[in-house]
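Written below as structure tokens is the structure these notes are about.
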Amino acid sequence: MSVVKERTGDEQQVGLKRELGLFSAISMIVAVMIGSGIFVSPTSALERSGSIGLCLIVWIVCGGLSLLGALCFAELAAVVPRSGAEYAYFIDAFSPLHRYFGQLPAFICAWVFVFVLRPAEVAVITLTFAEYAVQPFVGLFGELCPDTLNQVKKLIAILSLGLMVYINITSVKLYVKVQNIFGVCKIAACVLVVIGGVYWLAIGHTERLQDPFKNSDWSPGSLALAFYSGLWAYDGWTAAAIVAEEVQRPEVNILRSILIAVPVVTVLYVSMNLMYMTALGTQEMIKAPAVAVLWAERVLPSWLGFTIPLGVALSTFGCGLSVQFGVTRLCYVAGREGHVPRFFSWVHFEKMTPAAAVALQGLLTLLCMLMGNIIELIEFASFLIWAFYGLAAVALVIMRRTKADVHRPYRVPIIVPWIVILISVFLSVMPIIHDPSLKYLFILMFILLGYGFYHFYVYNKVKSKFMRKLTYLVQMLFLVVPPVELENGSEEKANR
């Protein structure tokens with residue numbers, strides 16, 4: 001969250017600096033949507049659908065459904081032009097409905113995203129980056145034992161996490177430059193797969209396309225799981241809405257960035273899956289530790305082999321950087337609302353970035369990395385993401401009534417939020433039905449713990465000496481101040 005100081009006479013005006021243009025907003029959405037999954041393991045939909053033809057239909061439909069959800073968020077961003085995406089929408093839609101429970105959905109959203117889900121995601125993304133960053137140099141580590149090699153990878157992951165934190169603390173301009181460069185490289189890697197696949201087909205390798213719907217599994221259960229996998233792969237289309245206060249002309253550019261980025265990602269996902277499936281068999285893809293690397297060994301000339309691991313590394317680093325950027329903005333907004341300690345909404349007095357929020361995410365991500373296997377942590381918490389998307393669609397329906405007079409650059413057909421609500425119910429319930437496990441009891445306990453914090457520290461506003469001391473320590477350590485102090489800075493100087 002970049003804050004700009006402008007002098008008007010003897011006063012200082014403080015406001016959010018809009019650094020993200022249309023290209024940067026598009027790049028951010030693409031960066032978050034395209035992580036390592038499309039390169040490493042895009043096989044769940046194929047395994048569930050059973051055939052090339054049905055799998056491609058699943059990917060196309062999932063792209064269309066994701067676009068519907070993104071269009072709902074575009075309208076919501078115009079009605080509630082604040083950062084935080086669904087968190088901000090919950091505040092405006094539900095808070096007026098009930099004094100006690102109205103803010104609870106927003107608090108739980110921030111509680112899950114800030115303290116568990118996003119740090120765990122960035123940890124997995126960063127570890128994947130390290131895995132592929134060392135591949136071009138694997139010969140140098142050939143004599144190392146597996147345990148030592150794993151330690152090297154973890155060290156690289158920690159260093160890359162430190163670099164992400166440094167970029168996001170330093171300035172939004174630096175983040176924009178790095179993100180745009182990595183976004184272009186990511187698209188280039190995807191295009192390379194598509195071009196290589198077209199060449200593979202052009203030289204006559206079309207045998208796998210002779211009967212594209214052979215072995216299709218049309219059973220409702222398998223199709224449901226295939227769509228479940230596909231929709232999760234498209235997650236990330238809320239990226240521009242999360243940082244709405246930093247997007248130039250958000251009422252126009254958020255919608256435009258969605259209309260460009262989501263179809264582009266859909267075309268890339270469908271095309272890349274088609275190219276994978278024309279060169280590799282179903283079982284090969286399912287068993288491959290990294291589908292794109294196996295595909296490159298078969299299709300690309302040897303001198304181009306390094307490009308895929310490099311593409312995965314760049315893709316994962318850019319994705320992790322953007323996910324961290326977005327969640328720190330959520331943390332910033334939650335700090336302004338008092339749902340997390342308020343010093344997380346304070347800004348560095350020179351760099352004008354939410355340094356404490358960035359540092360918190362870096363620390364939580366590091367803890368997740370040191371925990372070891374955190375894939376399950378993401379799997380059992382991720383089903384809540386679409387639950388929050390569904391609540392955001394409910395918020396849109398509510399605000400069609402409560403904010404009927406607010407100017408909307410465009411209105412999504414009312415059937416669209418109801419479709420999103422149905423999808424969210426499906427994606428939230430399906431994991432529990434498919435794999436009923438005690439791990440979901442843990443997330444329930446975590447939410448109940450969050451409710452306890454909400455009741456005592458948010459609603460009842462219980463104060464403690466520890467928090468006062470922690471606030472002072474954070475302010476001294478990260479050199480952060482409340483933006484209001486900057487606004488009144490000249491007045492304070494005059495009074496002295």
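If you're wondering about the labels, chains in the structure tokens are A, B, ... by order shown, residues count from 1 in each chain, ligands from 1 in order shown.
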
Neighbour list for segment 207-216 of chain A as a compact mmCIF listing (two decimals) with C-alpha atoms, in the first residue's frame, cut-off 8 Å, only C-alpha atoms, skip fewer than 2 positions in-chain:
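Below is the file out-v3.txt, written as the result:
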# COMPACT_ATOMS: atom_id res chain seq x y z
CA SER A 49 -12.22 -36.79 -16.73
CA GLY A 50 -10.39 -39.71 -18.35
CA SER A 51 -9.93 -38.27 -21.86
CA ILE A 52 -8.29 -35.41 -23.71
CA GLY A 53 -11.53 -34.04 -25.14
CA LEU A 54 -13.48 -34.01 -21.88
CA HIS A 205 2.45 -36.58 -33.93
CA TRP A 218 -19.06 -38.90 -17.43
CA MET A 277 -1.51 -34.41 -23.84
CA THR A 278 -0.42 -34.70 -27.49
CA ALA A 279 3.13 -35.60 -26.46

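Near Asn168 of chain A, within a cut-off of 8 Å and counting only C-alpha atoms, sit the residues Met164, Val165, Tyr166, Thr170, Ser171, Val172, Leu174, Tyr175, Leu321, Phe325, Thr353 and Val358 of chain A, with same-chain residues fewer than 2 positions away left out.
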
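You will find atom CA of Pro431 of chain A at 19.3 Å from atom CA of Ile419 of chain A.
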
Option closest in space to Thr43 of chain A, from A:Ile433, A:Ile29, A:Ala233, A:Ala261 [counting only C-alpha atoms]: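 Of the candidates, the smallest distance to Thr43 of chain A is held by A:Ala233.
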
Please list as a PDB file with N, CA and C atoms, in the first residue's frame every residue within 7 Å of segment 69-79 of chain A, counting only C-alpha atoms and excluding residues in the same chain fewer than 3 positions away.
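Everything below was put into part15.pdb:
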ATOM      1  N   LEU A  65     -16.324 -19.932 -15.927  1.00  0.00           N
ATOM      2  CA  LEU A  65     -16.901 -19.742 -14.595  1.00  0.00           C
ATOM      3  C   LEU A  65     -16.052 -18.797 -13.753  1.00  0.00           C
ATOM      4  N   SER A  66     -14.735 -18.889 -13.886  1.00  0.00           N
ATOM      5  CA  SER A  66     -13.847 -17.974 -13.160  1.00  0.00           C
ATOM      6  C   SER A  66     -14.056 -16.537 -13.620  1.00  0.00           C
ATOM      7  N   TRP A 237      -7.962 -14.547  -9.610  1.00  0.00           N
ATOM      8  CA  TRP A 237      -8.535 -13.462 -10.400  1.00  0.00           C
ATOM      9  C   TRP A 237      -8.985 -12.277  -9.566  1.00  0.00           C
ATOM     10  N   THR A 238      -8.889 -12.379  -8.238  1.00  0.00           N
ATOM     11  CA  THR A 238      -9.234 -11.242  -7.377  1.00  0.00           C
ATOM     12  C   THR A 238      -8.054 -10.293  -7.161  1.00  0.00           C
ATOM     13  N   ALA A 241      -8.518  -6.493  -7.560  1.00  0.00           N
ATOM     14  CA  ALA A 241      -9.499  -5.950  -6.618  1.00  0.00           C
ATOM     15  C   ALA A 241      -8.913  -5.821  -5.217  1.00  0.00           C
ATOM     16  N   ALA A 244      -7.225  -2.358  -4.930  1.00  0.00           N
ATOM     17  CA  ALA A 244      -8.001  -1.377  -5.697  1.00  0.00           C
ATOM     18  C   ALA A 244      -7.542   0.051  -5.459  1.00  0.00           C
ATOM     19  N   GLU A 251     -12.223   2.169 -11.395  1.00  0.00           N
ATOM     20  CA  GLU A 251     -13.567   1.908 -11.894  1.00  0.00           C
ATOM     21  C   GLU A 251     -13.557   1.430 -13.338  1.00  0.00           C
ATOM     22  N   ILE A 254      -9.875  -2.028 -13.380  1.00  0.00           N
ATOM     23  CA  ILE A 254     -10.073  -3.349 -12.770  1.00  0.00           C
ATOM     24  C   ILE A 254     -10.906  -4.229 -13.690  1.00  0.00           C
ATOM     25  N   LEU A 255     -11.979  -3.670 -14.234  1.00  0.00           N
ATOM     26  CA  LEU A 255     -12.798  -4.435 -15.178  1.00  0.00           C
ATOM     27  C   LEU A 255     -12.002  -4.807 -16.427  1.00  0.00           C
ATOM     28  N   ILE A 258      -9.459  -7.575 -15.784  1.00  0.00           N
ATOM     29  CA  ILE A 258     -10.110  -8.885 -15.665  1.00  0.00           C
ATOM     30  C   ILE A 258     -10.510  -9.421 -17.033  1.00  0.00           C
ATOM     31  N   ALA A 393     -20.331 -12.749  -3.316  1.00  0.00           N
ATOM     32  CA  ALA A 393     -21.467 -12.689  -4.240  1.00  0.00           C
ATOM     33  C   ALA A 393     -22.754 -12.357  -3.491  1.00  0.00           C
ATOM     34  N   LEU A 396     -22.763  -8.738  -2.945  1.00  0.00           N
ATOM     35  CA  LEU A 396     -23.176  -8.011  -4.150  1.00  0.00           C
ATOM     36  C   LEU A 396     -24.701  -7.956  -4.254  1.00  0.00           C
ATOM     37  N   VAL A 406     -25.631   3.978  -5.680  1.00  0.00           N
ATOM     38  CA  VAL A 406     -24.205   4.142  -5.973  1.00  0.00           C
ATOM     39  C   VAL A 406     -23.957   3.952  -7.470  1.00  0.00           C
ATOM     40  N   ARG A 408     -22.502   2.728 -10.756  1.00  0.00           N
ATOM     41  CA  ARG A 408     -21.832   1.515 -11.200  1.00  0.00           C
ATOM     42  C   ARG A 408     -21.474   1.676 -12.669  1.00  0.00           C
ATOM     43  N   TYR A 410     -20.686  -0.520 -14.646  1.00  0.00           N
ATOM     44  CA  TYR A 410     -21.420  -1.591 -15.324  1.00  0.00           C
ATOM     45  C   TYR A 410     -22.074  -2.449 -14.257  1.00  0.00           C
ATOM     46  N   ARG A 411     -23.118  -3.147 -14.625  1.00  0.00           N
ATOM     47  CA  ARG A 411     -23.835  -4.035 -13.720  1.00  0.00           C
ATOM     48  C   ARG A 411     -23.819  -5.443 -14.308  1.00  0.00           C
ATOM     49  N   VAL A 412     -23.300  -6.374 -13.519  1.00  0.00           N
ATOM     50  CA  VAL A 412     -23.293  -7.760 -13.966  1.00  0.00           C
ATOM     51  C   VAL A 412     -24.726  -8.288 -13.863  1.00  0.00           C
ATOM     52  N   PRO A 417     -24.056 -13.499  -9.966  1.00  0.00           N
ATOM     53  CA  PRO A 417     -23.686 -13.767  -8.563  1.00  0.00           C
ATOM     54  C   PRO A 417     -24.343 -15.016  -7.991  1.00  0.00           C
ATOM     55  N   VAL A 420     -22.215 -17.866  -9.017  1.00  0.00           N
ATOM     56  CA  VAL A 420     -21.006 -17.889  -8.183  1.00  0.00           C
ATOM     57  C   VAL A 420     -21.321 -18.468  -6.809  1.00  0.00           C
TER      58      VAL A 420
END

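Atom pair atom CA of Phe478 of chain A / atom CA of Ser27 of chain A has a distance of 29.3 Å (rounded to one decimal).
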
Length of the atom CA of Ser36 of chain A to atom CA of Thr316 of chain A vector [Å]: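 Interatomic distance here is 5.5 Å.
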
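Within the 7 Å cut-off around segment 446-452 of chain A, using only C-alpha atoms and omitting residues fewer than 4 positions from it on the same chain, the listed residues are A:Ile108, A:Trp111, A:Phe442, A:Phe456.
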
Closest of A:Met399, A:Ala31, A:Ala387, A:Leu370 to Gly183 of chain A - atom-to-atom distances counting only C-alpha atoms: A:Ala31

I'd like the contact shell of Glu246 of chain A - 10 Å cut-off, only C-alpha atoms, skipping same-chain residues fewer than 2 positions apart - returned as a PDB file with C-alpha atoms, in the first residue's frame.
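So the final result, stored in result-v4.pdb, reads:
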ATOM      1  CA  MET A   1       0.000   0.000   0.000  1.00  0.00           C
ATOM      2  CA  SER A   2       1.885   3.017  -1.191  1.00  0.00           C
ATOM      3  CA  VAL A   3       1.201   6.341   0.482  1.00  0.00           C
ATOM      4  CA  LEU A  16      -2.748   6.244  -1.503  1.00  0.00           C
ATOM      5  CA  LYS A  17      -0.468   6.493  -4.462  1.00  0.00           C
ATOM      6  CA  ARG A  18      -1.906   4.815  -7.551  1.00  0.00           C
ATOM      7  CA  GLU A  19       1.143   3.123  -9.069  1.00  0.00           C
ATOM      8  CA  LEU A  20      -0.602   0.256 -10.908  1.00  0.00           C
ATOM      9  CA  GLY A  21      -1.700   1.039 -14.444  1.00  0.00           C
ATOM     10  CA  ALA A  25      -3.020  -4.776 -13.044  1.00  0.00           C
ATOM     11  CA  ARG A  82     -11.180   0.141  -1.291  1.00  0.00           C
ATOM     12  CA  SER A  83      -8.399  -2.399  -1.082  1.00  0.00           C
ATOM     13  CA  VAL A 172       5.614  -0.201  -4.929  1.00  0.00           C
ATOM     14  CA  ALA A 240      -6.453  -6.436  -8.878  1.00  0.00           C
ATOM     15  CA  ALA A 241      -9.499  -5.950  -6.618  1.00  0.00           C
ATOM     16  CA  ILE A 242      -7.371  -6.655  -3.524  1.00  0.00           C
ATOM     17  CA  VAL A 243      -5.220  -3.583  -4.288  1.00  0.00           C
ATOM     18  CA  ALA A 244      -8.001  -1.377  -5.697  1.00  0.00           C
ATOM     19  CA  GLN A 248      -5.144   3.954 -11.570  1.00  0.00           C
ATOM     20  CA  ARG A 249      -8.766   4.634 -12.554  1.00  0.00           C
ATOM     21  CA  PRO A 250      -9.969   1.485 -10.743  1.00  0.00           C
ATOM     22  CA  ARG A 329      -2.698  -4.936   1.570  1.00  0.00           C
TER      23      ARG A 329
END

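In this comparison, which uses only C-alpha atoms, the residue of A:Leu268, A:Val152, A:Val122, A:Val116 approaching Gly326 of chain A most closely is A:Val122.
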
Which neighbours of Leu310 of chain A fall inside 8 Å, counting only C-alpha atoms, when residues of the same chain fewer than 2 positions from it are skipped, and could you give them as a tab-separated table (two decimals) with all heavy atoms, in the first residue's frame?
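Everything below was put into selection-v3.tsv:
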chain	number	residue	atom	x	y	z
A	132	TYR	N	13.19	-25.62	-8.60
A	132	TYR	CA	13.47	-25.45	-10.02
A	132	TYR	C	14.62	-24.50	-10.29
A	132	TYR	O	15.23	-24.54	-11.36
A	132	TYR	CB	12.21	-25.02	-10.76
A	132	TYR	CG	11.24	-26.17	-10.90
A	132	TYR	CD1	10.31	-26.42	-9.91
A	132	TYR	CD2	11.32	-27.04	-11.97
A	132	TYR	CE1	9.45	-27.51	-10.00
A	132	TYR	CE2	10.47	-28.13	-12.08
A	132	TYR	CZ	9.54	-28.35	-11.08
A	132	TYR	OH	8.72	-29.43	-11.16
A	133	ALA	N	14.93	-23.65	-9.33
A	133	ALA	CA	16.06	-22.74	-9.51
A	133	ALA	C	17.38	-23.51	-9.53
A	133	ALA	O	18.34	-23.10	-10.20
A	133	ALA	CB	16.08	-21.70	-8.40
A	136	PRO	N	18.98	-26.21	-13.28
A	136	PRO	CA	20.03	-26.00	-14.29
A	136	PRO	C	21.44	-26.24	-13.75
A	136	PRO	O	22.37	-26.43	-14.52
A	136	PRO	CB	19.84	-24.52	-14.69
A	136	PRO	CG	18.43	-24.22	-14.35
A	136	PRO	CD	18.16	-25.01	-13.11
A	306	PHE	N	16.82	-26.03	-20.70
A	306	PHE	CA	16.91	-25.25	-19.46
A	306	PHE	C	15.79	-24.23	-19.34
A	306	PHE	O	15.54	-23.71	-18.24
A	306	PHE	CB	18.27	-24.51	-19.42
A	306	PHE	CG	18.32	-23.29	-20.32
A	306	PHE	CD1	18.03	-22.02	-19.81
A	306	PHE	CD2	18.63	-23.43	-21.67
A	306	PHE	CE1	18.07	-20.91	-20.64
A	306	PHE	CE2	18.66	-22.33	-22.49
A	306	PHE	CZ	18.38	-21.06	-21.98
A	307	THR	N	15.12	-23.91	-20.44
A	307	THR	CA	14.13	-22.83	-20.41
A	307	THR	C	12.92	-23.17	-19.56
A	307	THR	O	12.33	-22.28	-18.94
A	307	THR	CB	13.67	-22.49	-21.84
A	307	THR	OG1	13.13	-23.67	-22.46
A	307	THR	CG2	14.82	-21.96	-22.67
A	308	ILE	N	12.52	-24.44	-19.51
A	308	ILE	CA	11.33	-24.80	-18.74
A	308	ILE	C	11.59	-24.69	-17.23
A	308	ILE	O	10.80	-24.05	-16.53
A	308	ILE	CB	10.83	-26.20	-19.12
A	308	ILE	CG1	10.37	-26.21	-20.59
A	308	ILE	CG2	9.70	-26.62	-18.21
A	308	ILE	CD1	9.26	-25.23	-20.90
A	312	VAL	N	9.61	-22.08	-14.86
A	312	VAL	CA	8.91	-22.43	-13.62
A	312	VAL	C	9.44	-21.58	-12.47
A	312	VAL	O	8.67	-21.08	-11.64
A	312	VAL	CB	9.06	-23.93	-13.31
A	312	VAL	CG1	8.40	-24.26	-11.98
A	312	VAL	CG2	8.46	-24.77	-14.42
A	313	ALA	N	10.77	-21.42	-12.40
A	313	ALA	CA	11.36	-20.63	-11.31
A	313	ALA	C	10.87	-19.18	-11.36
A	313	ALA	O	10.45	-18.61	-10.33
A	313	ALA	CB	12.88	-20.67	-11.41
A	314	LEU	N	10.90	-18.57	-12.55
A	314	LEU	CA	10.43	-17.19	-12.68
A	314	LEU	C	8.95	-17.08	-12.37
A	314	LEU	O	8.49	-16.12	-11.74
A	314	LEU	CB	10.72	-16.67	-14.10
A	314	LEU	CG	12.20	-16.52	-14.48
A	314	LEU	CD1	12.32	-16.09	-15.94
A	314	LEU	CD2	12.89	-15.53	-13.58

Counting only C-alpha atoms, the option among A:Leu274, A:Ile286, A:Leu300, A:Ala157 closest to Tyr199 of chain A: A:Leu300

From A:Leu294, A:Val198, A:Leu473, A:Ile169, residue lying nearest Ser41 of chain A [only C-alpha atoms]: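 Of all the options, A:Leu294 lies closest to Ser41 of chain A.
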
For Gly281 of chain A, the nearest of the candidates A:Pro413, A:Gln103, A:Val184, A:Leu46, counting only C-alpha atoms: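 Smallest separation from Gly281 of chain A among the options: A:Leu46.
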
Distance query Ser24 of chain A at most 8 Å, only C-alpha atoms, self and fewer than 4 positions along chain excluded, as a PyMOL selection string: chain A and resi 20+28+176+179-180

Every residue of segment 311-365 of chain A that DSSP places in helix (DSSP H, G or I), as a PyMOL selection string: chain A and resi 311-337+342-345+355-365

Mind dumping the selected residues with C-alpha atoms as a PDB file, in the first residue's frame?
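The resulting file, selection26.pdb, is reproduced below:
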ATOM      1  CA  GLY A 311      10.290 -20.555 -16.644  1.00  0.00           C
ATOM      2  CA  VAL A 312       8.914 -22.432 -13.624  1.00  0.00           C
ATOM      3  CA  ALA A 313      11.358 -20.625 -11.315  1.00  0.00           C
ATOM      4  CA  LEU A 314      10.432 -17.189 -12.684  1.00  0.00           C
ATOM      5  CA  SER A 315       6.743 -18.057 -12.598  1.00  0.00           C
ATOM      6  CA  THR A 316       6.826 -19.195  -8.983  1.00  0.00           C
ATOM      7  CA  PHE A 317       8.892 -16.233  -7.763  1.00  0.00           C
ATOM      8  CA  GLY A 318       6.571 -13.752  -9.473  1.00  0.00           C
ATOM      9  CA  CYS A 319       3.523 -15.552  -8.098  1.00  0.00           C
ATOM     10  CA  GLY A 320       4.862 -15.593  -4.535  1.00  0.00           C
ATOM     11  CA  LEU A 321       5.851 -11.936  -4.756  1.00  0.00           C
ATOM     12  CA  SER A 322       2.363 -10.912  -5.916  1.00  0.00           C
ATOM     13  CA  VAL A 323       0.527 -13.096  -3.380  1.00  0.00           C
ATOM     14  CA  GLN A 324       2.584 -11.529  -0.603  1.00  0.00           C
ATOM     15  CA  PHE A 325       1.964  -8.032  -2.021  1.00  0.00           C
ATOM     16  CA  GLY A 326      -1.800  -8.661  -2.024  1.00  0.00           C
ATOM     17  CA  VAL A 327      -2.090 -10.143   1.478  1.00  0.00           C
ATOM     18  CA  THR A 328      -0.074  -7.298   3.002  1.00  0.00           C
ATOM     19  CA  ARG A 329      -2.698  -4.936   1.570  1.00  0.00           C
ATOM     20  CA  LEU A 330      -5.430  -7.011   3.182  1.00  0.00           C
ATOM     21  CA  CYS A 331      -3.468  -6.829   6.437  1.00  0.00           C
ATOM     22  CA  TYR A 332      -3.179  -3.044   5.983  1.00  0.00           C
ATOM     23  CA  VAL A 333      -6.936  -2.605   5.507  1.00  0.00           C
ATOM     24  CA  ALA A 334      -7.747  -4.950   8.413  1.00  0.00           C
ATOM     25  CA  GLY A 335      -5.441  -2.830  10.583  1.00  0.00           C
ATOM     26  CA  ARG A 336      -7.401   0.305   9.681  1.00  0.00           C
ATOM     27  CA  GLU A 337     -10.622  -1.460  10.740  1.00  0.00           C
ATOM     28  CA  ARG A 342      -3.413  -1.168  14.085  1.00  0.00           C
ATOM     29  CA  PHE A 343       0.340  -0.862  13.581  1.00  0.00           C
ATOM     30  CA  PHE A 344      -0.061  -3.162  10.572  1.00  0.00           C
ATOM     31  CA  SER A 345      -1.784  -0.235   8.831  1.00  0.00           C
ATOM     32  CA  ALA A 355       6.596  -2.330   6.459  1.00  0.00           C
ATOM     33  CA  ALA A 356       5.189  -4.036   9.560  1.00  0.00           C
ATOM     34  CA  ALA A 357       2.550  -5.899   7.522  1.00  0.00           C
ATOM     35  CA  VAL A 358       5.176  -7.049   5.003  1.00  0.00           C
ATOM     36  CA  ALA A 359       7.483  -8.191   7.795  1.00  0.00           C
ATOM     37  CA  LEU A 360       4.625 -10.116   9.465  1.00  0.00           C
ATOM     38  CA  GLN A 361       3.924 -12.020   6.247  1.00  0.00           C
ATOM     39  CA  GLY A 362       7.621 -12.751   5.817  1.00  0.00           C
ATOM     40  CA  LEU A 363       7.847 -14.128   9.359  1.00  0.00           C
ATOM     41  CA  LEU A 364       4.700 -16.255   9.058  1.00  0.00           C
ATOM     42  CA  THR A 365       5.881 -17.626   5.699  1.00  0.00           C
TER      43      THR A 365
END
